[in-house]
>>> print(open('entry_39.pdb').read())   # PDB, C-alpha atoms, pLDDT in the B column
ATOM      1  CA  MET I   1    -101.375  54.523-164.750  1.00 97.00           C
ATOM      2  CA  THR I   2    -101.938  51.083-166.296  1.00 97.00           C
ATOM      3  CA  LEU I   3    -104.666  49.585-168.469  1.00 97.00           C
ATOM      4  CA  MET I   4    -106.235  48.110-165.332  1.00 96.00           C
ATOM      5  CA  ASP I   5    -106.758  51.623-163.907  1.00 97.00           C
ATOM      6  CA  LEU I   6    -109.035  52.714-166.752  1.00 97.00           C
ATOM      7  CA  ALA I   7    -112.740  53.190-166.157  1.00 96.00           C
ATOM      8  CA  LYS I   8    -115.171  51.675-168.647  1.00 96.00           C
ATOM      9  CA  ASN I   9    -115.053  53.533-171.995  1.00 96.00           C
ATOM     10  CA  GLN I  10    -112.255  55.816-170.748  1.00 97.00           C
ATOM     11  CA  LYS I  11    -109.791  56.596-173.535  1.00 97.00           C
ATOM     12  CA  ALA I  12    -106.035  56.548-173.125  1.00 98.00           C
ATOM     13  CA  LYS I  13    -102.842  56.381-175.174  1.00 98.00           C
ATOM     14  CA  ILE I  14    -100.383  53.555-174.764  1.00 98.00           C
ATOM     15  CA  ILE I  15     -97.121  54.914-173.343  1.00 98.00           C
ATOM     16  CA  ALA I  16     -95.039  51.813-172.578  1.00 98.00           C
ATOM     17  CA  LEU I  17     -95.223  48.042-172.919  1.00 98.00           C
ATOM     18  CA  PRO I  18     -93.888  45.427-170.465  1.00 97.00           C
ATOM     19  CA  ARG I  19     -90.120  45.213-170.041  1.00 95.00           C
ATOM     20  CA  ASN I  20     -90.222  41.513-170.847  1.00 96.00           C
ATOM     21  CA  PHE I  21     -89.289  41.344-174.534  1.00 96.00           C
ATOM     22  CA  GLU I  22     -91.486  38.326-175.323  1.00 96.00           C
ATOM     23  CA  LEU I  23     -94.571  39.913-173.744  1.00 96.00           C
ATOM     24  CA  ALA I  24     -93.912  43.237-175.477  1.00 97.00           C
ATOM     25  CA  GLU I  25     -93.435  41.480-178.819  1.00 97.00           C
ATOM     26  CA  GLN I  26     -96.714  39.577-178.381  1.00 96.00           C
ATOM     27  CA  LEU I  27     -98.569  42.817-177.604  1.00 97.00           C
ATOM     28  CA  LEU I  28     -97.001  44.616-180.570  1.00 97.00           C
ATOM     29  CA  GLU I  29     -98.205  41.828-182.869  1.00 96.00           C
ATOM     30  CA  GLN I  30    -101.736  42.329-181.502  1.00 95.00           C
ATOM     31  CA  GLY I  31    -101.614  46.082-182.224  1.00 96.00           C
ATOM     32  CA  PHE I  32    -100.581  47.455-178.827  1.00 97.00           C
ATOM     33  CA  VAL I  33     -98.291  50.090-180.330  1.00 97.00           C
ATOM     34  CA  PRO I  34     -97.109  53.082-178.271  1.00 96.00           C
ATOM     35  CA  GLN I  35     -99.206  56.209-178.939  1.00 97.00           C
ATOM     36  CA  SER I  36    -102.205  54.090-180.038  1.00 97.00           C
ATOM     37  CA  GLU I  37    -105.546  55.033-178.527  1.00 98.00           C
ATOM     38  CA  ILE I  38    -107.198  52.368-176.375  1.00 98.00           C
ATOM     39  CA  SER I  39    -110.265  52.175-174.144  1.00 98.00           C
ATOM     40  CA  LEU I  40    -111.654  49.711-171.636  1.00 97.00           C
ATOM     41  CA  ALA I  41    -114.629  47.757-172.987  1.00 97.00           C
ATOM     42  CA  HIS I  42    -115.280  45.217-170.218  1.00 95.00           C
ATOM     43  CA  LYS I  43    -113.800  43.744-167.039  1.00 94.00           C
ATOM     44  CA  ALA I  44    -114.799  40.158-166.291  1.00 92.00           C
ATOM     45  CA  PRO I  45    -115.567  39.361-162.641  1.00 90.00           C
ATOM     46  CA  TRP I  46    -113.371  37.256-160.364  1.00 91.00           C
ATOM     47  CA  ASN I  47    -110.028  38.233-161.917  1.00 88.00           C
ATOM     48  CA  GLY I  48    -111.136  37.184-165.384  1.00 93.00           C
ATOM     49  CA  PRO I  49    -109.883  38.693-168.639  1.00 96.00           C
ATOM     50  CA  VAL I  50    -110.235  42.355-169.539  1.00 97.00           C
ATOM     51  CA  ALA I  51    -111.472  43.511-172.961  1.00 98.00           C
ATOM     52  CA  PHE I  52    -110.161  46.640-174.673  1.00 98.00           C
ATOM     53  CA  ARG I  53    -111.103  48.524-177.824  1.00 98.00           C
ATOM     54  CA  LEU I  54    -108.039  49.005-179.986  1.00 97.00           C
ATOM     55  CA  HIS I  55    -107.937  49.828-183.717  1.00 94.00           C
ATOM     56  CA  ASN I  56    -111.710  49.264-184.109  1.00 93.00           C
ATOM     57  CA  THR I  57    -111.590  45.776-182.612  1.00 95.00           C
ATOM     58  CA  LYS I  58    -111.956  44.201-179.172  1.00 96.00           C
ATOM     59  CA  ILE I  59    -108.940  42.467-177.705  1.00 96.00           C
ATOM     60  CA  THR I  60    -108.827  40.635-174.382  1.00 96.00           C
ATOM     61  CA  LEU I  61    -105.873  40.402-172.030  1.00 96.00           C
ATOM     62  CA  GLN I  62    -105.251  38.703-168.736  1.00 96.00           C
ATOM     63  CA  GLN I  63    -105.347  41.200-165.879  1.00 95.00           C
ATOM     64  CA  GLN I  64    -101.728  40.345-165.008  1.00 95.00           C
ATOM     65  CA  LEU I  65    -100.599  41.489-168.445  1.00 96.00           C
ATOM     66  CA  ALA I  66    -102.867  44.552-168.544  1.00 96.00           C
ATOM     67  CA  GLN I  67    -101.224  45.772-165.323  1.00 96.00           C
ATOM     68  CA  GLN I  68     -97.893  45.983-167.163  1.00 97.00           C
ATOM     69  CA  VAL I  69     -99.053  48.293-169.970  1.00 98.00           C
ATOM     70  CA  ILE I  70     -98.568  51.966-169.066  1.00 98.00           C
ATOM     71  CA  VAL I  71    -101.099  54.457-170.445  1.00 98.00           C
ATOM     72  CA  ASP I  72    -101.923  58.158-170.218  1.00 98.00           C
ATOM     73  CA  ILE I  73    -105.482  59.513-170.240  1.00 97.00           C
ATOM     74  CA  VAL I  74    -106.481  61.306-173.466  1.00 94.00           C
TER      75      VAL I  74
END
>>> encode(input="entry_39.pdb", output="structure tokens")
Amino acid sequence: MTLMDLAKNQKAKIIALPRNFELAEQLLEQGFVPQSEISLAHKAPWNGPVAFRLHNTKITLQQQLAQQVIVDIV
């Protein structure tokens, strides 16, 4: 399951980041650390960005990137 599969307000734990080192490093710097709890806050229409709640803040990602982050439902 990926971040894009989450329903609004559904909680999950991050299991794995993208295989691309640069993308993974960028996500780590933003707080996307494996075993962190994350939930979907908002999906923009027409393939727009997706907002997530992570460490008491909202962070947006492009859908393409969110599809590469593997999560497990809490």
>>> closest_residue(input="entry_39.pdb", among="I:Leu65, I:Ala7, I:Thr2, I:His55", to="Glu37 of chain I", atoms="only C-alpha atoms")
I:His55
>>> atom_distance(input="entry_39.pdb", atom1="atom CA of Leu54 of chain I", atom2="atom CA of Ser36 of chain I")
7.7 Å
>>> atom_distance(input="entry_39.pdb", atom1="atom CA of Ala44 of chain I", atom2="atom CA of Phe21 of chain I")
26.8 Å
>>> closest_residue(input="entry_39.pdb", among="I:Gln35, I:Gln30, I:Leu61, I:Lys13", to="Pro49 of chain I", atoms="all atoms listed in the file")
I:Leu61
>>> axis_aligned_box(input="entry_39.pdb", around="segment 35-40 of chain I", padding_each_side="8 Å", output="JSON")
{"center_x": -105.4, "center_y": 53.0, "center_z": -175.8, "size_x": 28.4, "size_y": 22.5, "size_z": 24.4}
>>> residues_near_point(input="entry_39.pdb", point="(-108.3, 43.6, -170.4)", cutoff="12 Å", atoms="all atoms listed in the file", output="number ranges by chain")
I: 2-8, 38-45, 47-54, 58-69
>>> atom_distance(input="entry_39.pdb", atom1="atom CA of Ile70 of chain I", atom2="atom CA of Asn20 of chain I")
13.5 Å
>>> closest_residue(input="entry_39.pdb", among="I:Ala24, I:Asn9, I:Pro18, I:Gly31", to="Thr57 of chain I", atoms="all atoms listed in the file")
I:Gly31
>>> resolve_selection(input="entry_39.pdb", expression="the PyMOL selection byres ((chain I and resi 15) around 6)", output="list of chain:residue names")
I:Ile14, I:Ala16, I:Pro34, I:Ile70, I:Val71
>>> decode(input="entry_39.pdb", residues="segment 56-67 of chain I", atoms="N, CA and C atoms", output="PDB file, in the first residue's frame")
ATOM      1  N   ASN I  56       2.932  16.463  13.533  1.00  0.00           N
ATOM      2  CA  ASN I  56       2.146  17.656  13.889  1.00  0.00           C
ATOM      3  C   ASN I  56       2.267  18.809  12.901  1.00  0.00           C
ATOM      4  N   THR I  57       2.506  18.496  11.653  1.00  0.00           N
ATOM      5  CA  THR I  57       2.549  19.518  10.604  1.00  0.00           C
ATOM      6  C   THR I  57       1.959  18.943   9.324  1.00  0.00           C
ATOM      7  N   LYS I  58       1.565  19.808   8.410  1.00  0.00           N
ATOM      8  CA  LYS I  58       1.070  19.361   7.106  1.00  0.00           C
ATOM      9  C   LYS I  58       2.184  19.512   6.086  1.00  0.00           C
ATOM     10  N   ILE I  59       2.363  18.463   5.309  1.00  0.00           N
ATOM     11  CA  ILE I  59       3.382  18.461   4.260  1.00  0.00           C
ATOM     12  C   ILE I  59       2.716  18.000   2.968  1.00  0.00           C
ATOM     13  N   THR I  60       3.001  18.694   1.876  1.00  0.00           N
ATOM     14  CA  THR I  60       2.430  18.301   0.589  1.00  0.00           C
ATOM     15  C   THR I  60       3.478  17.607  -0.275  1.00  0.00           C
ATOM     16  N   LEU I  61       2.995  16.665  -1.052  1.00  0.00           N
ATOM     17  CA  LEU I  61       3.834  15.934  -2.007  1.00  0.00           C
ATOM     18  C   LEU I  61       3.111  15.862  -3.342  1.00  0.00           C
ATOM     19  N   GLN I  62       3.874  15.731  -4.391  1.00  0.00           N
ATOM     20  CA  GLN I  62       3.280  15.429  -5.690  1.00  0.00           C
ATOM     21  C   GLN I  62       2.774  13.994  -5.636  1.00  0.00           C
ATOM     22  N   GLN I  63       1.687  13.724  -6.346  1.00  0.00           N
ATOM     23  CA  GLN I  63       1.116  12.378  -6.334  1.00  0.00           C
ATOM     24  C   GLN I  63       2.122  11.329  -6.803  1.00  0.00           C
ATOM     25  N   GLN I  64       2.936  11.691  -7.796  1.00  0.00           N
ATOM     26  CA  GLN I  64       3.956  10.782  -8.326  1.00  0.00           C
ATOM     27  C   GLN I  64       4.896  10.299  -7.223  1.00  0.00           C
ATOM     28  N   LEU I  65       5.287  11.200  -6.352  1.00  0.00           N
ATOM     29  CA  LEU I  65       6.194  10.866  -5.263  1.00  0.00           C
ATOM     30  C   LEU I  65       5.461  10.093  -4.164  1.00  0.00           C
ATOM     31  N   ALA I  66       4.244  10.487  -3.856  1.00  0.00           N
ATOM     32  CA  ALA I  66       3.466   9.802  -2.822  1.00  0.00           C
ATOM     33  C   ALA I  66       3.213   8.335  -3.180  1.00  0.00           C
ATOM     34  N   GLN I  67       3.149   8.028  -4.464  1.00  0.00           N
ATOM     35  CA  GLN I  67       2.945   6.648  -4.906  1.00  0.00           C
ATOM     36  C   GLN I  67       4.169   5.765  -4.669  1.00  0.00           C
TER      37      GLN I  67
END
